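What follows is a short report on a single structure.
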Amino acid sequence: MILTQESTITLRKLGNSDLMLTPLGLGCWQFSSGKGPVGKYWSVLPPEEVLKIVHISLEGGINWFDTAEVYGRGESERMLAYALNASNSPAAESAYIATKWWPILRTAGSITSTIDERIQLLDHRTIHLYQVHQPYSFSSVASEMNAMAKLVNQGKIKHVGVSNFSARRMREADRVLREHGLRLASNQVKYNLLDRAIEHNGILDTAKELGVAIIAYSPLEQGILSGKFHKDTSLVKAITGIRKWSPSFRASKLLRSRPLIDVLDQLAVKYEASPSQIALNWLIHANGETVFAIPGASKVRHAEENVKAMRFTLTSGEIAEISSASKRVLEHN
């Protein structure tokens with residue numbers, strides 16, 4: 001049996017930081033409890049379900065969690081802290097936390113003025129990675145990074161990251177942080193087998209040049225890469241919330257991506273895995289140790305799947321085969 005629970009998970013350094021993380025973290029957007037405009041994207045999860053998901057992730061070896069201020073207006077942060085505190089896993093105490101500052105209609109001054117709220121909602125757990133969630137604010141990149149550096153110097157955060165930054169903005173953020181004796185740790189962007197834009201717009205190349213980690217969100221394209229919607233289109237109609245309006249769920253899109261799903265299915269048989277696990281494994285190995293990923297989990301079985309995706313490694317030939325199948329799909333989109 002190639003896929004085993006006993007297989008060890010190798011930690012890797014997150015970019016220019018000293019954080020040693022598992023290649024997969026748990027994305028916590030779905031812990032928003034339906035609050036706020038962004039939180040309504042997912043169905044409400046009861047606290048006991050959140051606890052189970054976090055506990056299984058910890059027990060399976062995942063050692064970091066990614067949340068954000070805008071996820072339910074802090075509700076995701078609060079629920080994550082609750083679950084870590086309530087879990088009886090020995091790994092809960094040493095779990096790493098990444099969260100994000102929401103910049104829209106704000107200035108860099110709110111980075112420092114709102115940090116105590118982040119700390120309080122996280123029940124005073126260490127913020128190991130604090131990220132600017134979007135490149136849009138009333139302030140410059142330099143002002144934002146100067147504010148982030150101040151928080152590092154105050155001991156309120158450990159490392160600085162960004163999200164959805166272009167190659168140019170990423171380079172500017174790192175330049176400013178260097179003036180404070182710091183480095184940019186990561187850029188969190190959308191990246192998966194059905195969205196490989198960062199390979200062509202300079203983001204991935206710049207990240208490798210600067211030693212910045214890529215944290216891939218939406219690594220399964222909202223579940224499309226699981227193949228379940230291709231095999232049972234009635235599941236599309238069952239989707240609730242804003243998510244159901246995503247273009248990815250259109251019948252024409254599903255038809256075009258079916259050849260890629262077929263390749264994932266074939267390799268899933270070999271590894272006694274699922275198509276989702278094959279897609280995640282490709283993501284964290286196709287670019288050396290540059291790319292991390294943060295799949296979410298709205299069900300316990302999703303958390304179990306995430307953990308198992310790190311317990312095997314595709315061969316270079318298999319990675320190339322998947323890459324080719326993915327490119328053929330994208331050429332026709």
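In the structure tokens, the first chain shown is A, the next is B, and so on; residue numbers restart at 1 for each chain, and ligands run from 1 in the order shown.
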Tell me, as number ranges by chain, which residues lie within 12 Å of range 108-119 of chain A, counting only C-alpha atoms; anything in the same chain fewer than 5 positions away does not count. A: 67-71, 73-78, 80-81, 97-103, 124-128, 130-133, 135-157, 160
Written file, previous selection with C-alpha atoms, as a PDB file, in the first residue's frame:
ATOM      1  CA  THR A  67      -7.640  32.708   8.882  1.00  0.00           C
ATOM      2  CA  ALA A  68      -8.448  36.399   8.363  1.00  0.00           C
ATOM      3  CA  GLU A  69     -10.127  39.426   9.868  1.00  0.00           C
ATOM      4  CA  VAL A  70     -12.678  39.567   7.041  1.00  0.00           C
ATOM      5  CA  TYR A  71     -13.788  35.950   7.517  1.00  0.00           C
ATOM      6  CA  ARG A  73     -15.617  39.887  10.757  1.00  0.00           C
ATOM      7  CA  GLY A  74     -13.269  38.004  13.062  1.00  0.00           C
ATOM      8  CA  GLU A  75     -15.581  35.054  13.713  1.00  0.00           C
ATOM      9  CA  SER A  76     -13.226  32.621  11.972  1.00  0.00           C
ATOM     10  CA  GLU A  77     -10.379  33.765  14.208  1.00  0.00           C
ATOM     11  CA  ARG A  78     -12.553  33.328  17.298  1.00  0.00           C
ATOM     12  CA  LEU A  80     -10.217  28.752  15.451  1.00  0.00           C
ATOM     13  CA  ALA A  81      -9.018  29.820  18.896  1.00  0.00           C
ATOM     14  CA  ILE A  97      -1.419  30.787  13.135  1.00  0.00           C
ATOM     15  CA  ALA A  98      -1.559  32.991  10.053  1.00  0.00           C
ATOM     16  CA  THR A  99      -4.163  35.724   9.779  1.00  0.00           C
ATOM     17  CA  LYS A 100      -4.740  38.774   7.577  1.00  0.00           C
ATOM     18  CA  TRP A 101      -5.472  42.494   7.804  1.00  0.00           C
ATOM     19  CA  TRP A 102      -8.322  43.730   5.570  1.00  0.00           C
ATOM     20  CA  PRO A 103      -7.150  46.851   3.666  1.00  0.00           C
ATOM     21  CA  HIS A 124      -3.797  35.840  22.791  1.00  0.00           C
ATOM     22  CA  ARG A 125      -2.207  33.107  20.724  1.00  0.00           C
ATOM     23  CA  THR A 126       0.900  34.097  18.783  1.00  0.00           C
ATOM     24  CA  ILE A 127       0.324  35.480  15.282  1.00  0.00           C
ATOM     25  CA  HIS A 128       3.153  33.789  13.432  1.00  0.00           C
ATOM     26  CA  TYR A 130       0.371  38.511   9.496  1.00  0.00           C
ATOM     27  CA  GLN A 131      -0.626  39.239   5.921  1.00  0.00           C
ATOM     28  CA  VAL A 132      -2.023  42.176   3.951  1.00  0.00           C
ATOM     29  CA  HIS A 133      -5.107  40.520   2.475  1.00  0.00           C
ATOM     30  CA  PRO A 135      -3.253  45.089  -2.630  1.00  0.00           C
ATOM     31  CA  TYR A 136      -5.988  47.740  -2.394  1.00  0.00           C
ATOM     32  CA  SER A 137      -5.916  50.339   0.384  1.00  0.00           C
ATOM     33  CA  PHE A 138      -5.606  54.110   0.761  1.00  0.00           C
ATOM     34  CA  SER A 139      -1.911  53.664   1.585  1.00  0.00           C
ATOM     35  CA  SER A 140       1.208  52.656  -0.311  1.00  0.00           C
ATOM     36  CA  VAL A 141       2.917  49.283  -0.054  1.00  0.00           C
ATOM     37  CA  ALA A 142       5.763  51.053   1.760  1.00  0.00           C
ATOM     38  CA  SER A 143       3.403  52.457   4.404  1.00  0.00           C
ATOM     39  CA  GLU A 144       1.839  49.040   4.940  1.00  0.00           C
ATOM     40  CA  MET A 145       5.199  47.321   5.321  1.00  0.00           C
ATOM     41  CA  ASN A 146       6.464  50.012   7.689  1.00  0.00           C
ATOM     42  CA  ALA A 147       3.398  49.376   9.863  1.00  0.00           C
ATOM     43  CA  MET A 148       3.950  45.617   9.712  1.00  0.00           C
ATOM     44  CA  ALA A 149       7.601  46.067  10.691  1.00  0.00           C
ATOM     45  CA  LYS A 150       6.480  48.095  13.691  1.00  0.00           C
ATOM     46  CA  LEU A 151       4.309  45.180  14.842  1.00  0.00           C
ATOM     47  CA  VAL A 152       7.242  42.788  14.506  1.00  0.00           C
ATOM     48  CA  ASN A 153       9.428  45.103  16.562  1.00  0.00           C
ATOM     49  CA  GLN A 154       6.681  45.354  19.199  1.00  0.00           C
ATOM     50  CA  GLY A 155       6.521  41.553  19.382  1.00  0.00           C
ATOM     51  CA  LYS A 156       2.867  41.451  18.310  1.00  0.00           C
ATOM     52  CA  ILE A 157       3.522  39.381  15.182  1.00  0.00           C
ATOM     53  CA  VAL A 160       5.057  39.487   7.467  1.00  0.00           C
TER      54      VAL A 160
END
Would you list the contacts of Met170 in chain A as a ChimeraX atom specification, taking every protein, DNA or RNA residue within 10 Å and counting only C-alpha atoms, but skipping same-chain residues closer than 3 positions in sequence? /A:135,141,161-167,173-175,184,186-187,203,206-207,210,212
Show me, as a ChimeraX atom specification, the residues that have an atom within 12 Å of Lys13 in chain A when counting only C-alpha atoms, minus same-chain residues fewer than 2 positions from it. /A:10-11,15-23,185-186,211-214,288-292
Output file for the residues above (C-alpha atoms, as an mmCIF file, in the first residue's frame):
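Resulting contents of again_34.cif:
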data_model
loop_
_atom_site.group_PDB
_atom_site.id
_atom_site.type_symbol
_atom_site.label_atom_id
_atom_site.label_comp_id
_atom_site.auth_asym_id
_atom_site.auth_seq_id
_atom_site.Cartn_x
_atom_site.Cartn_y
_atom_site.Cartn_z
ATOM 1 C CA THR A 10 8.348 16.479 6.083
ATOM 2 C CA LEU A 11 8.243 20.054 7.340
ATOM 3 C CA GLY A 15 10.041 31.291 2.545
ATOM 4 C CA ASN A 16 12.325 33.777 4.273
ATOM 5 C CA SER A 17 10.919 33.027 7.732
ATOM 6 C CA ASP A 18 12.117 30.574 10.365
ATOM 7 C CA LEU A 19 8.722 28.839 10.466
ATOM 8 C CA MET A 20 8.866 25.097 9.781
ATOM 9 C CA LEU A 21 5.447 24.196 8.459
ATOM 10 C CA THR A 22 3.653 21.263 6.906
ATOM 11 C CA PRO A 23 3.174 21.710 3.138
ATOM 12 C CA ALA A 185 7.842 35.610 4.073
ATOM 13 C CA SER A 186 4.993 34.775 1.700
ATOM 14 C CA GLY A 211 12.919 33.240 -1.583
ATOM 15 C CA VAL A 212 9.289 34.081 -0.834
ATOM 16 C CA ALA A 213 6.846 31.232 -0.246
ATOM 17 C CA ILE A 214 3.657 30.942 -2.279
ATOM 18 C CA GLY A 288 10.109 22.198 -5.204
ATOM 19 C CA GLU A 289 9.356 23.582 -1.729
ATOM 20 C CA THR A 290 8.159 27.019 -2.870
ATOM 21 C CA VAL A 291 4.425 26.298 -2.792
ATOM 22 C CA PHE A 292 2.305 25.614 0.283
#
Could you tell me how far CA of Leu283 in chain A lies from CA of Leu24 in chain A, in Å and to one decimal?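 About the pair CA of Leu283 in chain A and CA of Leu24 in chain A: they are 9.8 Å apart.
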Looking only at alpha helix (DSSP H) from DSSP on the backbone, list the matching residues of range 226-312 of chain A as a VMD selection string. chain A and resid 228 to 231 234 to 237 251 to 271 275 to 285 300 to 308
Selection to disk with N, CA and C atoms, as a CSV table (one decimal), in the first residue's frame:
chain,number,residue,atom,x,y,z
A,228,LYS,N,-16.1,15.2,-8.1
A,228,LYS,CA,-17.4,14.8,-7.7
A,228,LYS,C,-18.5,15.5,-8.5
A,229,PHE,N,-18.3,16.7,-9.0
A,229,PHE,CA,-19.3,17.4,-9.7
A,229,PHE,C,-19.3,16.9,-11.2
A,230,HIS,N,-18.2,16.4,-11.7
A,230,HIS,CA,-18.2,15.8,-13.0
A,230,HIS,C,-19.0,14.5,-13.0
A,231,LYS,N,-18.9,13.7,-11.9
A,231,LYS,CA,-19.5,12.4,-11.8
A,231,LYS,C,-21.0,12.5,-11.4
A,234,SER,N,-25.8,16.6,-10.3
A,234,SER,CA,-26.9,17.1,-9.4
A,234,SER,C,-26.3,17.8,-8.2
A,235,LEU,N,-25.0,17.5,-7.9
A,235,LEU,CA,-24.4,18.1,-6.7
A,235,LEU,C,-24.2,19.6,-6.9
A,236,VAL,N,-24.1,20.0,-8.2
A,236,VAL,CA,-24.0,21.5,-8.5
A,236,VAL,C,-25.3,22.2,-8.0
A,237,LYS,N,-26.4,21.6,-8.3
A,237,LYS,CA,-27.7,22.2,-7.9
A,237,LYS,C,-27.9,22.3,-6.4
A,251,ALA,N,-21.8,23.7,-16.7
A,251,ALA,CA,-21.7,22.5,-17.4
A,251,ALA,C,-20.6,22.5,-18.5
A,252,SER,N,-20.4,23.6,-19.2
A,252,SER,CA,-19.4,23.6,-20.2
A,252,SER,C,-18.0,23.6,-19.7
A,253,LYS,N,-17.8,24.2,-18.5
A,253,LYS,CA,-16.5,24.2,-17.8
A,253,LYS,C,-16.2,22.8,-17.3
A,254,LEU,N,-17.2,22.1,-16.8
A,254,LEU,CA,-17.0,20.8,-16.2
A,254,LEU,C,-16.6,19.8,-17.4
A,255,LEU,N,-17.2,20.0,-18.5
A,255,LEU,CA,-17.0,19.1,-19.7
A,255,LEU,C,-15.5,19.3,-20.1
A,256,ARG,N,-15.0,20.6,-20.2
A,256,ARG,CA,-13.7,20.8,-20.6
A,256,ARG,C,-12.6,20.3,-19.7
A,257,SER,N,-12.9,20.3,-18.4
A,257,SER,CA,-11.9,19.9,-17.4
A,257,SER,C,-12.0,18.4,-17.1
A,258,ARG,N,-12.9,17.6,-17.8
A,258,ARG,CA,-13.1,16.2,-17.5
A,258,ARG,C,-11.8,15.4,-17.8
A,259,PRO,N,-11.1,15.7,-18.9
A,259,PRO,CA,-9.8,14.9,-19.2
A,259,PRO,C,-8.8,15.0,-18.1
A,260,LEU,N,-8.7,16.2,-17.4
A,260,LEU,CA,-7.8,16.3,-16.3
A,260,LEU,C,-8.3,15.5,-15.2
A,261,ILE,N,-9.5,15.4,-14.9
A,261,ILE,CA,-10.1,14.6,-13.8
A,261,ILE,C,-9.8,13.1,-14.1
A,262,ASP,N,-9.9,12.8,-15.3
A,262,ASP,CA,-9.6,11.4,-15.7
A,262,ASP,C,-8.1,11.0,-15.3
A,263,VAL,N,-7.2,11.9,-15.6
A,263,VAL,CA,-5.8,11.6,-15.2
A,263,VAL,C,-5.6,11.5,-13.7
A,264,LEU,N,-6.3,12.4,-13.0
A,264,LEU,CA,-6.2,12.4,-11.5
A,264,LEU,C,-6.9,11.1,-11.0
A,265,ASP,N,-7.9,10.7,-11.6
A,265,ASP,CA,-8.6,9.4,-11.2
A,265,ASP,C,-7.6,8.2,-11.4
A,266,GLN,N,-6.9,8.2,-12.5
A,266,GLN,CA,-6.0,7.1,-12.8
A,266,GLN,C,-4.9,7.0,-11.7
A,267,LEU,N,-4.3,8.1,-11.4
A,267,LEU,CA,-3.3,8.2,-10.4
A,267,LEU,C,-3.8,7.9,-9.0
A,268,ALA,N,-5.0,8.3,-8.8
A,268,ALA,CA,-5.7,8.0,-7.5
A,268,ALA,C,-5.7,6.5,-7.2
A,269,VAL,N,-6.0,5.8,-8.2
A,269,VAL,CA,-6.1,4.3,-8.1
A,269,VAL,C,-4.7,3.8,-7.7
A,270,LYS,N,-3.7,4.2,-8.3
A,270,LYS,CA,-2.3,3.8,-8.0
A,270,LYS,C,-1.9,4.0,-6.6
A,271,TYR,N,-2.3,5.3,-6.1
A,271,TYR,CA,-1.8,5.7,-4.7
A,271,TYR,C,-2.9,5.4,-3.7
A,275,PRO,N,-8.9,11.8,-6.1
A,275,PRO,CA,-8.4,12.9,-7.1
A,275,PRO,C,-8.0,14.2,-6.4
A,276,SER,N,-8.7,14.5,-5.3
A,276,SER,CA,-8.3,15.7,-4.5
A,276,SER,C,-6.9,15.6,-4.0
A,277,GLN,N,-6.6,14.5,-3.4
A,277,GLN,CA,-5.3,14.3,-2.8
A,277,GLN,C,-4.2,14.3,-3.9
A,278,ILE,N,-4.5,13.8,-5.1
A,278,ILE,CA,-3.5,13.8,-6.2
A,278,ILE,C,-3.3,15.3,-6.6
A,279,ALA,N,-4.4,16.1,-6.7
A,279,ALA,CA,-4.3,17.5,-7.1
A,279,ALA,C,-3.5,18.3,-6.1
A,280,LEU,N,-3.7,18.0,-4.8
A,280,LEU,CA,-3.0,18.7,-3.7
A,280,LEU,C,-1.5,18.3,-3.7
A,281,ASN,N,-1.3,17.1,-3.9
A,281,ASN,CA,0.1,16.6,-3.9
A,281,ASN,C,0.9,17.2,-5.1
A,282,TRP,N,0.3,17.3,-6.2
A,282,TRP,CA,0.9,18.0,-7.4
A,282,TRP,C,1.3,19.4,-7.0
A,283,LEU,N,0.3,20.1,-6.3
A,283,LEU,CA,0.5,21.5,-6.0
A,283,LEU,C,1.7,21.8,-5.1
A,284,ILE,N,1.9,20.9,-4.1
A,284,ILE,CA,3.0,21.1,-3.1
A,284,ILE,C,4.3,20.5,-3.5
A,285,HIS,N,4.4,19.8,-4.7
A,285,HIS,CA,5.6,19.2,-5.2
A,285,HIS,C,6.1,19.7,-6.6
A,300,VAL,N,-15.7,16.7,8.3
A,300,VAL,CA,-14.6,15.9,8.9
A,300,VAL,C,-13.8,15.2,7.8
A,301,ARG,N,-14.5,14.6,6.9
A,301,ARG,CA,-13.9,13.8,5.8
A,301,ARG,C,-12.9,14.6,5.0
A,302,HIS,N,-13.3,15.9,4.8
A,302,HIS,CA,-12.4,16.8,4.1
A,302,HIS,C,-11.0,17.0,4.8
A,303,ALA,N,-11.1,17.1,6.1
A,303,ALA,CA,-9.9,17.2,6.9
A,303,ALA,C,-9.1,16.0,6.8
A,304,GLU,N,-9.7,14.8,6.9
A,304,GLU,CA,-9.0,13.5,6.7
A,304,GLU,C,-8.3,13.4,5.4
A,305,GLU,N,-9.0,13.9,4.3
A,305,GLU,CA,-8.4,13.9,3.0
A,305,GLU,C,-7.2,14.8,2.9
A,306,ASN,N,-7.3,16.0,3.5
A,306,ASN,CA,-6.1,16.9,3.5
A,306,ASN,C,-4.9,16.3,4.0
A,307,VAL,N,-5.0,15.6,5.2
A,307,VAL,CA,-3.9,15.0,5.9
A,307,VAL,C,-3.3,13.9,5.0
A,308,LYS,N,-4.1,13.1,4.4
A,308,LYS,CA,-3.5,12.0,3.6
A,308,LYS,C,-2.8,12.5,2.3
